[in-house]
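Shown below: work_11.txt, with compact mmCIF, C-alpha atoms.
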```
# COMPACT_ATOMS: atom_id res chain seq x y z
CA MET A 1 -76.01 41.56 171.50
CA GLN A 2 -74.55 44.04 169.03
CA LEU A 3 -74.19 47.71 169.96
CA SER A 4 -75.68 50.32 167.63
CA GLU A 5 -73.57 53.15 166.23
CA GLU A 6 -75.29 55.47 168.76
CA ASP A 7 -74.36 53.06 171.56
CA LYS A 8 -70.73 53.07 170.45
CA PHE A 9 -70.68 56.86 170.29
CA PHE A 10 -71.92 57.31 173.86
CA LEU A 11 -69.83 54.45 175.23
CA ARG A 12 -66.75 56.17 173.78
CA GLU A 13 -67.85 59.38 175.53
CA ALA A 14 -67.84 57.43 178.82
CA ILE A 15 -64.39 56.01 178.06
CA LYS A 16 -63.16 59.51 177.21
CA LEU A 17 -64.35 60.76 180.63
CA ALA A 18 -62.56 57.84 182.28
CA ARG A 19 -59.30 58.78 180.58
CA GLU A 20 -59.64 62.52 181.22
CA GLY A 21 -60.60 62.04 184.88
CA MET A 22 -57.68 59.74 185.53
CA HIS A 23 -55.11 62.00 183.88
CA SER A 24 -56.57 65.04 185.70
CA ASP A 25 -56.05 63.19 189.00
CA LEU A 26 -59.75 63.25 189.88
CA GLY A 27 -59.69 59.56 190.74
CA GLY A 28 -59.65 56.09 189.17
CA PRO A 29 -60.00 55.23 185.45
CA PHE A 30 -63.79 55.17 185.20
CA GLY A 31 -66.32 57.35 183.33
CA ALA A 32 -70.07 57.29 182.68
CA VAL A 33 -72.79 59.24 180.87
CA VAL A 34 -76.58 59.18 181.19
CA VAL A 35 -78.42 59.53 177.87
CA ARG A 36 -82.06 60.29 177.08
CA ASP A 37 -83.51 60.91 173.61
CA GLY A 38 -80.04 60.92 172.08
CA LYS A 39 -78.66 63.56 174.45
CA ILE A 40 -76.29 63.39 177.41
CA ILE A 41 -78.22 64.60 180.47
CA GLY A 42 -75.59 63.71 183.08
CA LYS A 43 -71.97 62.69 183.20
CA GLY A 44 -69.29 61.75 185.68
CA SER A 45 -65.92 60.25 186.31
CA ASN A 46 -64.49 58.61 189.40
CA GLN A 47 -63.67 61.25 192.02
CA VAL A 48 -62.93 59.11 195.08
CA ALA A 49 -59.39 60.35 195.73
CA SER A 50 -59.92 64.03 194.89
CA THR A 51 -63.08 64.44 197.00
CA ASN A 52 -62.41 61.92 199.80
CA ASP A 53 -65.71 60.28 198.94
CA PRO A 54 -65.58 56.48 198.56
CA THR A 55 -69.03 56.55 196.92
CA ALA A 56 -67.94 58.94 194.13
CA HIS A 57 -67.71 56.28 191.43
CA ALA A 58 -68.36 57.32 187.82
CA GLU A 59 -71.89 55.87 187.63
CA ILE A 60 -72.94 57.35 191.00
CA THR A 61 -71.52 60.75 189.99
CA ALA A 62 -73.28 60.59 186.60
CA ILE A 63 -76.61 59.49 188.13
CA ARG A 64 -76.46 62.29 190.71
CA ASP A 65 -75.61 64.81 187.98
CA ALA A 66 -78.46 63.64 185.72
CA CYS A 67 -81.01 63.64 188.55
CA LYS A 68 -79.95 67.14 189.57
CA ASN A 69 -80.24 68.35 185.97
CA ILE A 70 -83.73 66.95 185.45
CA GLY A 71 -85.00 67.56 189.00
CA ALA A 72 -86.10 63.97 189.60
CA PHE A 73 -84.89 60.86 191.42
CA GLN A 74 -85.80 58.49 188.59
CA LEU A 75 -84.01 58.17 185.24
CA GLU A 76 -87.03 57.19 183.14
CA ASP A 77 -86.27 56.23 179.52
CA CYS A 78 -82.53 56.72 180.09
CA THR A 79 -79.54 54.56 179.17
CA ILE A 80 -76.38 54.60 181.30
CA TYR A 81 -73.11 54.15 179.40
CA THR A 82 -70.11 53.28 181.54
CA SER A 83 -66.49 52.52 180.72
CA CYS A 84 -66.55 49.47 183.02
CA GLU A 85 -69.13 46.97 184.25
CA PRO A 86 -70.74 48.52 187.33
CA CYS A 87 -69.54 47.38 190.77
CA PRO A 88 -72.26 46.20 193.22
CA MET A 89 -72.60 49.72 194.66
CA CYS A 90 -73.17 51.24 191.23
CA LEU A 91 -75.41 48.38 190.08
CA GLY A 92 -77.54 49.03 193.16
CA ALA A 93 -77.64 52.76 192.36
CA ILE A 94 -78.73 51.89 188.81
CA PHE A 95 -81.61 49.76 190.09
CA TRP A 96 -82.72 52.53 192.47
CA SER A 97 -82.59 55.19 189.71
CA ARG A 98 -84.35 52.87 187.22
CA PRO A 99 -82.96 53.62 183.75
CA VAL A 100 -84.04 51.18 181.04
CA ARG A 101 -80.62 49.81 180.11
CA VAL A 102 -76.88 49.81 180.81
CA VAL A 103 -74.06 49.58 178.26
CA TYR A 104 -70.51 48.92 179.47
CA ALA A 105 -67.05 48.29 177.99
CA ALA A 106 -64.48 46.62 180.30
CA THR A 107 -65.57 43.91 182.75
CA GLN A 108 -65.37 43.57 186.55
CA MET A 109 -62.58 41.02 186.00
CA ASP A 110 -60.67 43.51 183.82
CA ALA A 111 -60.99 46.06 186.66
CA GLU A 112 -59.49 43.53 189.06
CA THR A 113 -56.84 41.86 186.93
CA ILE A 114 -55.57 44.86 184.93
CA ALA A 115 -56.20 47.79 187.28
CA GLY A 116 -56.27 46.17 190.74
CA PHE A 117 -59.78 47.17 191.89
CA ASP A 118 -62.05 45.17 194.25
CA ASP A 119 -65.16 44.97 192.02
CA HIS A 120 -65.08 41.20 191.54
CA PHE A 121 -64.13 40.60 195.19
CA ILE A 122 -67.16 42.56 196.37
CA TYR A 123 -69.47 40.59 194.06
CA GLU A 124 -68.11 37.42 195.68
CA GLN A 125 -68.59 38.81 199.21
CA ILE A 126 -72.29 39.58 198.61
CA ASP A 127 -73.10 35.89 198.24
CA ILE A 128 -71.42 34.97 201.54
CA PRO A 129 -73.61 34.91 204.70
CA ALA A 130 -73.46 38.39 206.29
CA GLU A 131 -71.68 37.32 209.49
CA GLU A 132 -68.95 35.49 207.55
CA ARG A 133 -67.97 38.30 205.17
CA LYS A 134 -64.61 40.03 205.35
CA ILE A 135 -66.57 42.99 206.77
CA PRO A 136 -69.08 41.08 208.90
CA ALA A 137 -72.62 42.36 209.48
CA VAL A 138 -74.47 41.36 212.65
CA GLN A 139 -78.11 41.87 213.56
CA GLY A 140 -80.00 42.95 216.65
CA LEU A 141 -83.01 44.98 217.84
CA ARG A 142 -84.99 43.77 214.83
CA GLU A 143 -88.37 44.69 216.29
CA GLU A 144 -87.26 48.26 216.99
CA GLY A 145 -86.12 48.51 213.38
CA GLN A 146 -89.38 47.04 212.08
CA GLU A 147 -91.39 49.53 214.13
CA VAL A 148 -90.07 52.44 212.01
CA PHE A 149 -91.16 50.60 208.85
CA ARG A 150 -94.69 50.26 210.27
CA GLU A 151 -94.77 54.00 210.94
CA TRP A 152 -93.71 54.54 207.32
CA GLN A 153 -96.43 52.21 206.08
CA GLU A 154 -99.00 54.23 207.99
CA LYS A 155 -97.66 57.65 206.95
CA ASP A 156 -100.26 59.23 204.68
CA ASP A 157 -98.14 61.87 202.94
CA LYS A 158 -95.05 59.81 202.18
CA ILE A 159 -93.22 60.15 198.86
CA VAL A 160 -92.66 56.63 197.56
CA TYR A 161 -89.40 56.09 195.67
CA MET B 1 -73.92 36.90 217.92
CA GLN B 2 -75.02 39.10 220.84
CA LEU B 3 -74.79 42.86 220.65
CA SER B 4 -72.94 44.72 223.42
CA GLU B 5 -74.61 47.53 225.33
CA GLU B 6 -72.52 49.99 223.28
CA ASP B 7 -73.77 48.33 220.09
CA LYS B 8 -77.36 48.69 221.23
CA PHE B 9 -76.82 52.34 222.12
CA PHE B 10 -75.48 53.26 218.67
CA LEU B 11 -77.97 51.06 216.82
CA ARG B 12 -80.76 52.94 218.62
CA GLU B 13 -79.14 56.22 217.49
CA ALA B 14 -79.41 54.96 213.89
CA ILE B 15 -83.06 53.98 214.42
CA LYS B 16 -83.73 57.41 215.94
CA LEU B 17 -82.31 59.08 212.81
CA ALA B 18 -84.52 56.84 210.65
CA ARG B 19 -87.60 57.93 212.56
CA GLU B 20 -86.67 61.64 212.62
CA GLY B 21 -85.76 61.73 208.93
CA MET B 22 -88.99 60.07 207.90
CA HIS B 23 -91.19 62.35 209.99
CA SER B 24 -89.25 65.41 208.77
CA ASP B 25 -90.01 64.33 205.18
CA LEU B 26 -86.34 63.98 204.27
CA GLY B 27 -86.96 60.57 202.73
CA GLY B 28 -87.56 56.92 203.61
CA PRO B 29 -87.39 55.31 207.08
CA PHE B 30 -83.68 54.62 207.27
CA GLY B 31 -80.86 55.98 209.46
CA ALA B 32 -77.18 55.21 210.04
CA VAL B 33 -74.21 56.33 212.15
CA VAL B 34 -70.47 55.74 211.76
CA VAL B 35 -68.66 55.16 215.05
CA ARG B 36 -64.96 55.18 215.93
CA ASP B 37 -63.47 54.89 219.41
CA GLY B 38 -66.94 55.14 220.97
CA LYS B 39 -67.83 58.37 219.18
CA ILE B 40 -70.16 59.13 216.28
CA ILE B 41 -68.02 60.60 213.47
CA GLY B 42 -70.72 60.64 210.78
CA LYS B 43 -74.46 60.24 210.53
CA GLY B 44 -77.21 60.22 207.98
CA SER B 45 -80.76 59.41 207.12
CA ASN B 46 -82.38 58.63 203.79
CA GLN B 47 -82.74 61.83 201.73
CA VAL B 48 -83.76 60.46 198.32
CA ALA B 49 -87.04 62.34 197.99
CA SER B 50 -85.96 65.66 199.50
CA THR B 51 -82.74 65.97 197.46
CA ASN B 52 -83.77 64.16 194.24
CA ASP B 53 -80.78 61.89 194.72
CA PRO B 54 -81.51 58.16 194.37
CA THR B 55 -78.12 57.38 195.93
CA ALA B 56 -78.85 59.32 199.15
CA HIS B 57 -79.53 56.28 201.30
CA ALA B 58 -78.79 56.47 205.03
CA GLU B 59 -75.54 54.50 204.88
CA ILE B 60 -74.22 56.41 201.85
CA THR B 61 -75.09 59.72 203.51
CA ALA B 62 -73.43 58.66 206.77
CA ILE B 63 -70.30 57.36 205.01
CA ARG B 64 -69.95 60.60 203.02
CA ASP B 65 -70.46 62.64 206.19
CA ALA B 66 -67.86 60.63 208.14
CA CYS B 67 -65.30 60.76 205.32
CA LYS B 68 -65.78 64.52 205.01
CA ASN B 69 -65.36 64.96 208.77
CA ILE B 70 -62.13 62.95 208.97
CA GLY B 71 -60.74 64.03 205.57
CA ALA B 72 -60.19 60.49 204.27
CA PHE B 73 -61.85 58.02 201.93
CA GLN B 74 -61.38 55.04 204.23
CA LEU B 75 -63.24 54.38 207.49
CA GLU B 76 -60.45 52.54 209.29
CA ASP B 77 -61.39 51.05 212.68
CA CYS B 78 -65.00 52.22 212.29
CA THR B 79 -68.30 50.41 212.82
CA ILE B 80 -71.39 51.35 210.79
CA TYR B 81 -74.71 51.06 212.62
CA THR B 82 -77.78 51.10 210.40
CA SER B 83 -81.49 50.78 211.11
CA CYS B 84 -81.88 48.23 208.28
CA GLU B 85 -79.70 45.64 206.57
CA PRO B 86 -77.82 47.50 203.79
CA CYS B 87 -79.14 47.22 200.23
CA PRO B 88 -76.60 46.13 197.56
CA MET B 89 -75.68 49.76 196.81
CA CYS B 90 -74.94 50.49 200.46
CA LEU B 91 -73.19 47.16 201.01
CA GLY B 92 -70.95 48.03 198.08
CA ALA B 93 -70.27 51.47 199.57
CA ILE B 94 -69.39 49.79 202.87
CA PHE B 95 -66.86 47.51 201.17
CA TRP B 96 -65.29 50.47 199.35
CA SER B 97 -65.05 52.55 202.56
CA ARG B 98 -63.70 49.55 204.52
CA PRO B 99 -65.01 49.84 208.09
CA VAL B 100 -64.36 46.78 210.29
CA ARG B 101 -67.96 45.83 210.98
CA VAL B 102 -71.66 46.54 210.33
CA VAL B 103 -74.52 46.27 212.86
CA TYR B 104 -78.12 46.42 211.60
CA ALA B 105 -81.64 46.07 212.98
CA ALA B 106 -84.41 45.29 210.44
CA THR B 107 -83.71 42.96 207.50
CA GLN B 108 -83.91 43.40 203.71
CA MET B 109 -87.06 41.25 203.81
CA ASP B 110 -88.61 43.54 206.44
CA ALA B 111 -87.84 46.50 204.14
CA GLU B 112 -89.69 44.76 201.32
CA THR B 113 -92.60 43.14 203.14
CA ILE B 114 -93.41 45.86 205.70
CA ALA B 115 -92.30 49.04 203.94
CA GLY B 116 -92.42 48.12 200.23
CA PHE B 117 -88.79 48.76 199.23
CA ASP B 118 -86.83 46.92 196.51
CA ASP B 119 -83.83 45.83 198.60
CA HIS B 120 -84.50 42.09 198.36
CA PHE B 121 -85.49 42.35 194.69
CA ILE B 122 -82.15 44.01 193.85
CA TYR B 123 -80.23 41.28 195.70
CA GLU B 124 -82.04 38.73 193.53
CA GLN B 125 -81.30 40.67 190.33
CA ILE B 126 -77.53 40.73 191.00
CA ASP B 127 -77.32 36.95 190.65
CA ILE B 128 -79.07 36.95 187.26
CA PRO B 129 -76.85 37.17 184.11
CA ALA B 130 -76.44 40.86 183.22
CA GLU B 131 -78.30 40.70 179.89
CA GLU B 132 -81.33 39.00 181.48
CA ARG B 133 -81.88 41.42 184.37
CA LYS B 134 -84.92 43.66 184.57
CA ILE B 135 -82.50 46.49 183.72
CA PRO B 136 -80.30 44.64 181.23
CA ALA B 137 -76.60 45.44 180.85
CA VAL B 138 -74.89 44.78 177.53
CA GLN B 139 -71.20 44.89 176.67
CA GLY B 140 -69.11 46.22 173.81
CA LEU B 141 -65.79 47.94 173.00
CA ARG B 142 -64.07 45.89 175.69
CA GLU B 143 -60.56 46.53 174.38
CA GLU B 144 -61.09 50.30 174.37
CA GLY B 145 -62.24 50.03 178.00
CA GLN B 146 -59.27 47.86 178.94
CA GLU B 147 -56.86 50.33 177.38
CA VAL B 148 -57.73 52.96 180.03
CA PHE B 149 -56.99 50.41 182.77
CA ARG B 150 -53.55 49.80 181.25
CA GLU B 151 -52.88 53.54 181.31
CA TRP B 152 -53.90 53.55 185.00
CA GLN B 153 -51.59 50.61 185.73
CA GLU B 154 -48.69 52.53 184.18
CA LYS B 155 -49.51 55.87 185.87
CA ASP B 156 -46.72 56.54 188.37
CA ASP B 157 -48.44 59.11 190.60
CA LYS B 158 -51.84 57.45 191.00
CA ILE B 159 -53.62 57.43 194.35
CA VAL B 160 -54.76 53.86 194.97
CA TYR B 161 -58.08 53.49 196.77
```
Just give me the structure as structure tokens.
Amino acid sequence: MQLSEEDKFFLREAIKLAREGMHSDLGGPFGAVVVRDGKIIGKGSNQVASTNDPTAHAEITAIRDACKNIGAFQLEDCTIYTSCEPCPMCLGAIFWSRPVRVVYAATQMDAETIAGFDDHFIYEQIDIPAEERKIPAVQGLREEGQEVFREWQEKDDKIVY
Amino acid sequence: MQLSEEDKFFLREAIKLAREGMHSDLGGPFGAVVVRDGKIIGKGSNQVASTNDPTAHAEITAIRDACKNIGAFQLEDCTIYTSCEPCPMCLGAIFWSRPVRVVYAATQMDAETIAGFDDHFIYEQIDIPAEERKIPAVQGLREEGQEVFREWQEKDDKIVY
């Protein structure tokens, strides 16, 4: 699929943020912008190291910025441009914030092979049974966990997201 | 795998946070705690609706709280207890913050079938080729994206995370 000239413009804005953030020592070499109706409504670069926040990836930072700016937790009619293919955390954040489309430049393999990041490793781990992962996840007290979901189901004034 | 009495204690703390957060209208029915050396060093509940932040899931909130409290972006020697199996976003955040273990109560299917959340749907979407997902991701300008990774590789004073 070919990118439009508008796509290339905003993708280069994301790459610019990646470069600036890295050279300003905010964090790793990643940048992202959220665009609606031809305008940037949120932007971010990786800030993991400078804020001691392992969740402060470029896409998460840009999504949080856009949602704050528009006062909503959904990115309706938005496109997210990111300098690199989203990691599983950021892909999950994208699905929860529900933009219409993502455009990215470098791949998860580029992130691993050129820059040494775990993106591809984490994608592999997701498909392994939970108890066998490098960070294993074990289950218990399932009924006590389910009970809270039933209370949610019955809650009349809940805000569905 | 059986849970220890300590595991059950902290898992019930996570479930308690889920229940309290939901009834306080902070967000959905999810809670999490981060534990090290038998002590809670971070906690959180879902705050998506109350903060207009689609990334404010219980695990993300607890990880950010713990990292802030210890002044680090890695959760060495920690266990994360969560009232529900982590969604892909939170599982990604867990891999980036690198605790040793996760303990959860309800499953991703419980979240979908009892409470109506997209957790299981997002896990399915991850395994679909990027361009064919419900939120499609398209690629372009790969070399311009790679170039920033090369600059990162050559940066002498980078903080690796």
Problem set entry | Pick from A:Cys78, A:Phe121, A:Gln108, A:Ala72, whichever lies nearest to chain B using all atoms listed in the file | A:Ala72
For this session: Go through B:Asn52, B:Leu17, B:Arg98, B:Asp119 and flag the residue nearest chain A, using all atoms listed in the file for the distances.
Result: B:Asn52
Mind fitting chain B onto chain A over all Cα atoms in sequence order and sending the result as a CSV table (one decimal) with C-alpha atoms, keeping the file's coordinate frame?
```csv
chain,number,residue,atom,x,y,z
B,1,MET,CA,-76.0,41.6,171.5
B,2,GLN,CA,-74.6,44.1,169.0
B,3,LEU,CA,-74.2,47.7,170.0
B,4,SER,CA,-75.7,50.3,167.6
B,5,GLU,CA,-73.6,53.2,166.3
B,6,GLU,CA,-75.3,55.5,168.8
B,7,ASP,CA,-74.4,53.1,171.6
B,8,LYS,CA,-70.7,53.1,170.5
B,9,PHE,CA,-70.7,56.9,170.3
B,10,PHE,CA,-71.9,57.3,173.9
B,11,LEU,CA,-69.8,54.4,175.2
B,12,ARG,CA,-66.8,56.2,173.8
B,13,GLU,CA,-67.9,59.4,175.5
B,14,ALA,CA,-67.8,57.4,178.8
B,15,ILE,CA,-64.4,56.0,178.1
B,16,LYS,CA,-63.2,59.5,177.2
B,17,LEU,CA,-64.4,60.8,180.6
B,18,ALA,CA,-62.6,57.8,182.3
B,19,ARG,CA,-59.3,58.8,180.6
B,20,GLU,CA,-59.7,62.5,181.2
B,21,GLY,CA,-60.6,62.1,184.9
B,22,MET,CA,-57.7,59.7,185.5
B,23,HIS,CA,-55.1,62.0,183.9
B,24,SER,CA,-56.6,65.0,185.7
B,25,ASP,CA,-56.0,63.2,189.0
B,26,LEU,CA,-59.7,63.3,189.9
B,27,GLY,CA,-59.7,59.6,190.7
B,28,GLY,CA,-59.6,56.1,189.2
B,29,PRO,CA,-60.0,55.2,185.5
B,30,PHE,CA,-63.8,55.2,185.2
B,31,GLY,CA,-66.3,57.3,183.3
B,32,ALA,CA,-70.1,57.3,182.7
B,33,VAL,CA,-72.8,59.2,180.9
B,34,VAL,CA,-76.6,59.2,181.2
B,35,VAL,CA,-78.4,59.5,177.9
B,36,ARG,CA,-82.1,60.3,177.1
B,37,ASP,CA,-83.5,60.9,173.6
B,38,GLY,CA,-80.0,60.9,172.1
B,39,LYS,CA,-78.7,63.6,174.5
B,40,ILE,CA,-76.3,63.4,177.4
B,41,ILE,CA,-78.2,64.6,180.5
B,42,GLY,CA,-75.6,63.7,183.1
B,43,LYS,CA,-72.0,62.7,183.2
B,44,GLY,CA,-69.3,61.7,185.7
B,45,SER,CA,-65.9,60.2,186.3
B,46,ASN,CA,-64.5,58.6,189.4
B,47,GLN,CA,-63.7,61.3,192.0
B,48,VAL,CA,-62.9,59.1,195.1
B,49,ALA,CA,-59.4,60.4,195.7
B,50,SER,CA,-59.9,64.0,194.9
B,51,THR,CA,-63.1,64.5,197.0
B,52,ASN,CA,-62.4,61.9,199.8
B,53,ASP,CA,-65.7,60.3,198.9
B,54,PRO,CA,-65.6,56.5,198.6
B,55,THR,CA,-69.0,56.6,196.9
B,56,ALA,CA,-67.9,58.9,194.1
B,57,HIS,CA,-67.7,56.3,191.4
B,58,ALA,CA,-68.4,57.3,187.8
B,59,GLU,CA,-71.9,55.9,187.6
B,60,ILE,CA,-72.9,57.4,191.0
B,61,THR,CA,-71.5,60.7,190.0
B,62,ALA,CA,-73.3,60.6,186.6
B,63,ILE,CA,-76.6,59.5,188.1
B,64,ARG,CA,-76.5,62.3,190.7
B,65,ASP,CA,-75.6,64.8,188.0
B,66,ALA,CA,-78.5,63.6,185.7
B,67,CYS,CA,-81.0,63.6,188.6
B,68,LYS,CA,-79.9,67.1,189.6
B,69,ASN,CA,-80.2,68.3,186.0
B,70,ILE,CA,-83.7,66.9,185.4
B,71,GLY,CA,-85.0,67.6,189.0
B,72,ALA,CA,-86.1,64.0,189.6
B,73,PHE,CA,-84.9,60.9,191.4
B,74,GLN,CA,-85.8,58.5,188.6
B,75,LEU,CA,-84.0,58.2,185.2
B,76,GLU,CA,-87.0,57.2,183.2
B,77,ASP,CA,-86.3,56.2,179.5
B,78,CYS,CA,-82.5,56.7,180.1
B,79,THR,CA,-79.5,54.6,179.2
B,80,ILE,CA,-76.4,54.6,181.3
B,81,TYR,CA,-73.1,54.1,179.4
B,82,THR,CA,-70.1,53.3,181.5
B,83,SER,CA,-66.5,52.5,180.7
B,84,CYS,CA,-66.5,49.5,183.0
B,85,GLU,CA,-69.1,47.0,184.2
B,86,PRO,CA,-70.7,48.5,187.3
B,87,CYS,CA,-69.5,47.4,190.8
B,88,PRO,CA,-72.3,46.2,193.2
B,89,MET,CA,-72.6,49.7,194.7
B,90,CYS,CA,-73.2,51.2,191.2
B,91,LEU,CA,-75.4,48.4,190.1
B,92,GLY,CA,-77.5,49.0,193.2
B,93,ALA,CA,-77.6,52.8,192.4
B,94,ILE,CA,-78.7,51.9,188.8
B,95,PHE,CA,-81.6,49.8,190.1
B,96,TRP,CA,-82.7,52.5,192.5
B,97,SER,CA,-82.6,55.2,189.7
B,98,ARG,CA,-84.4,52.9,187.2
B,99,PRO,CA,-83.0,53.6,183.8
B,100,VAL,CA,-84.0,51.2,181.0
B,101,ARG,CA,-80.6,49.8,180.1
B,102,VAL,CA,-76.9,49.8,180.8
B,103,VAL,CA,-74.1,49.6,178.3
B,104,TYR,CA,-70.5,48.9,179.5
B,105,ALA,CA,-67.1,48.3,178.0
B,106,ALA,CA,-64.5,46.6,180.3
B,107,THR,CA,-65.6,43.9,182.7
B,108,GLN,CA,-65.4,43.6,186.5
B,109,MET,CA,-62.6,41.0,186.0
B,110,ASP,CA,-60.7,43.5,183.8
B,111,ALA,CA,-61.0,46.1,186.7
B,112,GLU,CA,-59.5,43.5,189.1
B,113,THR,CA,-56.8,41.9,186.9
B,114,ILE,CA,-55.6,44.9,184.9
B,115,ALA,CA,-56.2,47.8,187.3
B,116,GLY,CA,-56.3,46.2,190.7
B,117,PHE,CA,-59.8,47.2,191.9
B,118,ASP,CA,-62.0,45.2,194.2
B,119,ASP,CA,-65.1,45.0,192.0
B,120,HIS,CA,-65.1,41.2,191.5
B,121,PHE,CA,-64.1,40.6,195.2
B,122,ILE,CA,-67.2,42.6,196.4
B,123,TYR,CA,-69.5,40.6,194.1
B,124,GLU,CA,-68.1,37.4,195.7
B,125,GLN,CA,-68.6,38.8,199.2
B,126,ILE,CA,-72.3,39.6,198.6
B,127,ASP,CA,-73.1,35.9,198.2
B,128,ILE,CA,-71.4,35.0,201.5
B,129,PRO,CA,-73.6,34.9,204.7
B,130,ALA,CA,-73.5,38.4,206.3
B,131,GLU,CA,-71.7,37.3,209.5
B,132,GLU,CA,-68.9,35.5,207.6
B,133,ARG,CA,-68.0,38.3,205.2
B,134,LYS,CA,-64.6,40.0,205.4
B,135,ILE,CA,-66.6,43.0,206.8
B,136,PRO,CA,-69.1,41.1,208.9
B,137,ALA,CA,-72.6,42.4,209.5
B,138,VAL,CA,-74.5,41.4,212.6
B,139,GLN,CA,-78.1,41.9,213.6
B,140,GLY,CA,-80.0,42.9,216.7
B,141,LEU,CA,-83.0,45.0,217.8
B,142,ARG,CA,-85.0,43.8,214.8
B,143,GLU,CA,-88.4,44.7,216.3
B,144,GLU,CA,-87.3,48.3,217.0
B,145,GLY,CA,-86.1,48.5,213.4
B,146,GLN,CA,-89.4,47.0,212.1
B,147,GLU,CA,-91.4,49.5,214.1
B,148,VAL,CA,-90.1,52.4,212.0
B,149,PHE,CA,-91.2,50.6,208.8
B,150,ARG,CA,-94.7,50.3,210.3
B,151,GLU,CA,-94.8,54.0,210.9
B,152,TRP,CA,-93.7,54.6,207.3
B,153,GLN,CA,-96.4,52.2,206.1
B,154,GLU,CA,-99.0,54.2,208.0
B,155,LYS,CA,-97.7,57.7,207.0
B,156,ASP,CA,-100.3,59.2,204.7
B,157,ASP,CA,-98.1,61.9,202.9
B,158,LYS,CA,-95.0,59.8,202.2
B,159,ILE,CA,-93.2,60.1,198.9
B,160,VAL,CA,-92.7,56.6,197.6
B,161,TYR,CA,-89.4,56.1,195.7
```
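When all atoms listed in the file are used to compute distances to Asn69 (chain B), the closest of the residues B:Leu141, B:Ile40, B:Ile122, B:Leu11 turns out to be B:Ile40.
Compared by their closest atoms to chain A, and using all atoms listed in the file, the residues B:Gln125, B:Ser83, B:Ser4, B:Ser45 rank with B:Ser83 nearest.
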Chain B near chain A within 6 Å: what's each residue's closest atom pair and its distance in Å to one decimal, counting only C-alpha atoms, ordered by chain then ascending residue number, as a tab-separated table?
```
residue	atom	partner	partner_atom	distance
B:Asn52	CA	A:Phe73	CA	4.5
B:Asp53	CA	A:Phe73	CA	5.4
B:Pro54	CA	A:Phe73	CA	5.2
B:Thr55	CA	A:Ala93	CA	5.9
B:Arg64	CA	A:Asp53	CA	5.9
B:Ala72	CA	A:Asn52	CA	5.2
B:Phe73	CA	A:Asn52	CA	4.5
B:Ser83	CA	A:Gly145	CA	5.6
B:Pro88	CA	A:Gly92	CA	5.4
B:Met89	CA	A:Met89	CA	3.8
B:Gly92	CA	A:Met89	CA	4.2
B:Ala93	CA	A:Met89	CA	5.7
B:Ser97	CA	A:Pro54	CA	5.6
B:Val100	CA	A:Ile135	CA	5.6
B:Arg101	CA	A:Ile135	CA	5.3
B:Val102	CA	A:Ala137	CA	4.4
B:Val103	CA	A:Val138	CA	4.9
B:Tyr104	CA	A:Gln139	CA	5.0
B:Ala105	CA	A:Arg142	CA	4.5
B:Ala106	CA	A:Arg142	CA	4.7
B:Ala115	CA	A:Phe149	CA	5.3
B:Ile135	CA	A:Arg101	CA	5.3
B:Pro136	CA	A:Arg101	CA	5.3
B:Ala137	CA	A:Val102	CA	4.4
B:Val138	CA	A:Val103	CA	4.9
B:Gln139	CA	A:Tyr104	CA	5.0
B:Gly140	CA	A:Ala105	CA	5.1
B:Leu141	CA	A:Ala105	CA	5.2
B:Arg142	CA	A:Ala105	CA	4.5
B:Gly145	CA	A:Ala106	CA	4.7
B:Gln146	CA	A:Ala106	CA	5.5
B:Phe149	CA	A:Ala115	CA	5.3
B:Gln153	CA	A:Ala115	CA	5.6
```
Exercise. Near Lys39 (chain B), counting all atoms listed in the file, which residues have an atom at most 10 Å away, once you skip same-chain residues fewer than 4 positions from it, shown as number ranges by chain?
Worked result: B: 10, 33-35, 78
If you keep C-alpha atoms, can you produce a file of those selected residues as an mmCIF file, in the coordinates of the input?
```cif
data_model
loop_
_atom_site.group_PDB
_atom_site.id
_atom_site.type_symbol
_atom_site.label_atom_id
_atom_site.label_comp_id
_atom_site.auth_asym_id
_atom_site.auth_seq_id
_atom_site.Cartn_x
_atom_site.Cartn_y
_atom_site.Cartn_z
ATOM 1 C CA PHE B 10 -75.480 53.260 218.670
ATOM 2 C CA VAL B 33 -74.210 56.330 212.150
ATOM 3 C CA VAL B 34 -70.470 55.740 211.760
ATOM 4 C CA VAL B 35 -68.660 55.160 215.050
ATOM 5 C CA CYS B 78 -65.000 52.220 212.290
#
```
Expected axis-aligned box over every listed atom of region 51-64 of chain B, 3 Å added per side, centre plus edges in Å to one decimal, as AutoDock Vina command-line options:
```
--center_x -76.9 --center_y 60.2 --center_z 200.5 --size_x 19.8 --size_y 17.5 --size_z 18.5
```
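Closest to Gly42 (chain A) among A:Ser24, A:Pro129, A:Asp156, A:Glu13 is A:Glu13, based on only C-alpha atoms.
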